[in-house]
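Taking it in order: structure first as structure tokens, then the write-up.
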Amino acid sequence: MKRISIFLLALASSLTAGERPNILYILADDMGWQDTSVAFGPERTPFNERYRTPALERLAREGMKFTQAYSCAVCSPTRVSLMTGQNEARHRVTQWTYLSGDAPSSDLDHPTLDPATWNWNGLQPESMPNAISVETLPQLLRKADYRTMHFGKGHFGSAGTPGADPKNFGFDVRIGGRDAGGCGSYWGTKHFGAKKHPDGPWRAWDLDAYFGEDIHLTEALTLEAKREIKRAVDDDQPFFCYFAHYAPHTPIEPDERFAPAYREAGLDEPEAAYASLIEGMDKSVGDLLGLLDEFGIADETLVVFTSDNGGLSHSRRGMSPPHTHNAPLSSGKGAHHEGGIRVPLLARWPGMTATGSTNETPVMIYDWFPTLLGVAGQQQPGSQAIDGADLTPLLRGDATAEIFDRPLVWHFPNFWGPLNRPPVEGPGMGPSSTIRRGDWKLIYYHEDRRFELFDLANDLGETNNLSHERPKQARQLATELAGFLRDRDAPMPVIRSSGEPVPFPGSR
Ligand code: CA
């Protein structure tokens, strides 16, 4: 392990400006592990047959597919983890950010628990209450002379705060991103949601030029990105292009360029619309890959594609019953079952990633923070704790998975679901903390302090809770999970009757 670290250090420091690749990082919103024609599971599924994602197939053919990649269960925690390299138990942005103020605005009412004191103001450029303020990925890449560009959804900081604007923490270019966790509409004819509520939170910024046009939000953002990438190439400056799609997050409105074919294939309207949002996003990926070809810079560009959480499944979807839209995984967005956190991940780095390769090592969204800094030859901030591990050995295919022998932890001490309703219930849902070690996974539910223990190698669908059959295994994992949370001073919900926080797992 030490030898590999030294090698990587030498590699990073020997990079010259011309050798530092561009970085195109594409993040889908609420796209599930099965929402693609690329099979991420052990076998192809009906969902893989349903969706058409030729650009993602191209990325898989030309790069590396990670079959066990993870994000958090909802949006903002993942996005802040990517920008900071920290687990959500450390940065404490554990839930989606919404309004600023003295109390969380996105936590729903729970019958017995009060919300944890998490960082509901999100990621901020300067310190403020209930916020994390550290040196961010784009700030550090800018130090390495990268042009840093942000397209699409932000959702890093609460409304009305400096953190609502990605330009305030290191992006040179900002198109479309703000505090909001979604768009009011995908359609230019509806001004992307601004027509009904001109100053409302659900309108994307910077896209007024498309208002009234018959254009999809995904397409408008893609045109903007192509223009800005061209500008960076013309200026001969390496770029970090962070393209955070709004799709396929609600509102599940059809992209009429692609929806008719799905209707003809027999999908009901919500599923045809959902599939069209996926294909529209894939078309954008294909357009950007084509642009890299056109400019002759595909060989000098690392392309990453992933999603910020699992696919929505508890409501607003069609066809399949709730909690089954990510099958064979259980549940969906908002859950600590695999359907909520396991996401597609593809990486293409010519000369580094072997073409058509598959990697089964479990990896976390925050691993990209040290990885991308290494790619850019930029040192990590010394004074800032991070939880991510550099993925470069995996991308090069020159290290065994043993160097990633570490606990993977998710922390969600929150009450989640559509606003003004009770928290969503379902498999793996509810405030919880989760640890994965090897193939074993333990979930600790804050409400009643019960455990679920799964053997993912033999029970990918998490149907067989072994916590009573394997009490020793459960205890060991609970102890390790408690240590991880305690080390990071993780916020916990408060038991209303006693005023005490929910204890860490394994405590009496
Ligand atoms: Ca999301």
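Going by the structure tokens order, chains are called A, B, ..., each with residues numbered from 1, while ligands are numbered from 1 in the order shown.
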Contacts to ligand 1 at 6 Å cut-off (only C-alpha atoms and all ligand atoms) as number ranges by chain = A: 29-30, 74-75, 308-309
Neighbours of region 452-454 of chain A within 7 Å (only C-alpha atoms; same-chain residues fewer than 6 positions away dropped), as a ChimeraX atom specification?
-> /A:440-444,462,464-467,474
Out of A:Ser71, A:Ser105, A:Thr324, A:Gln34, which residue has the shortest atom-to-atom distance to Arg52 (chain A) when counting only C-alpha atoms?
-> A:Gln34
Among A:Pro201, A:Pro125, A:Gly41, A:Pro260, Tyr98 (chain A) is approached most closely, using only C-alpha atoms, by A:Pro201
Proximity of region 63-94 of chain A to region 292-307 of chain A: per-residue shortest pair, 9 Å limit, only C-alpha atoms, as a Markdown table:
| residue | atom | partner | partner_atom | distance |
| --- | --- | --- | --- | --- |
| A:Gly63 | CA | A:Val303 | CA | 8.9 |
| A:Ala69 | CA | A:Thr306 | CA | 8.5 |
| A:Tyr70 | CA | A:Ser307 | CA | 8.7 |
| A:Ser71 | CA | A:Ser307 | CA | 7.3 |
Residue subset to file, keeping all heavy atoms, as a PDB file, in the first residue's frame:
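Listing of again_27.pdb after writing:
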ATOM      1  N   GLY A  63     -14.493   2.566 -21.361  1.00  0.00           N
ATOM      2  CA  GLY A  63     -13.921   2.864 -20.052  1.00  0.00           C
ATOM      3  C   GLY A  63     -14.203   1.770 -19.040  1.00  0.00           C
ATOM      4  O   GLY A  63     -14.268   0.593 -19.389  1.00  0.00           O
ATOM      5  N   ALA A  69     -20.957   1.192  -6.845  1.00  0.00           N
ATOM      6  CA  ALA A  69     -20.670   2.595  -6.514  1.00  0.00           C
ATOM      7  C   ALA A  69     -21.835   3.164  -5.711  1.00  0.00           C
ATOM      8  O   ALA A  69     -22.984   2.801  -5.940  1.00  0.00           O
ATOM      9  CB  ALA A  69     -20.497   3.403  -7.794  1.00  0.00           C
ATOM     10  N   TYR A  70     -21.492   4.052  -4.779  1.00  0.00           N
ATOM     11  CA  TYR A  70     -22.509   4.560  -3.868  1.00  0.00           C
ATOM     12  C   TYR A  70     -22.511   6.086  -3.780  1.00  0.00           C
ATOM     13  O   TYR A  70     -21.469   6.738  -3.840  1.00  0.00           O
ATOM     14  CB  TYR A  70     -22.266   4.026  -2.453  1.00  0.00           C
ATOM     15  CG  TYR A  70     -22.544   2.561  -2.293  1.00  0.00           C
ATOM     16  CD1 TYR A  70     -21.499   1.646  -2.197  1.00  0.00           C
ATOM     17  CD2 TYR A  70     -23.849   2.082  -2.222  1.00  0.00           C
ATOM     18  CE1 TYR A  70     -21.745   0.287  -2.027  1.00  0.00           C
ATOM     19  CE2 TYR A  70     -24.109   0.729  -2.048  1.00  0.00           C
ATOM     20  CZ  TYR A  70     -23.051  -0.161  -1.948  1.00  0.00           C
ATOM     21  OH  TYR A  70     -23.299  -1.502  -1.774  1.00  0.00           O
ATOM     22  N   SER A  71     -23.738   6.603  -3.598  1.00  0.00           N
ATOM     23  CA  SER A  71     -23.943   7.988  -3.193  1.00  0.00           C
ATOM     24  C   SER A  71     -24.733   7.960  -1.893  1.00  0.00           C
ATOM     25  O   SER A  71     -24.957   6.887  -1.333  1.00  0.00           O
ATOM     26  CB  SER A  71     -24.717   8.746  -4.278  1.00  0.00           C
ATOM     27  OG  SER A  71     -23.896   8.972  -5.412  1.00  0.00           O
TER      28      SER A  71
END
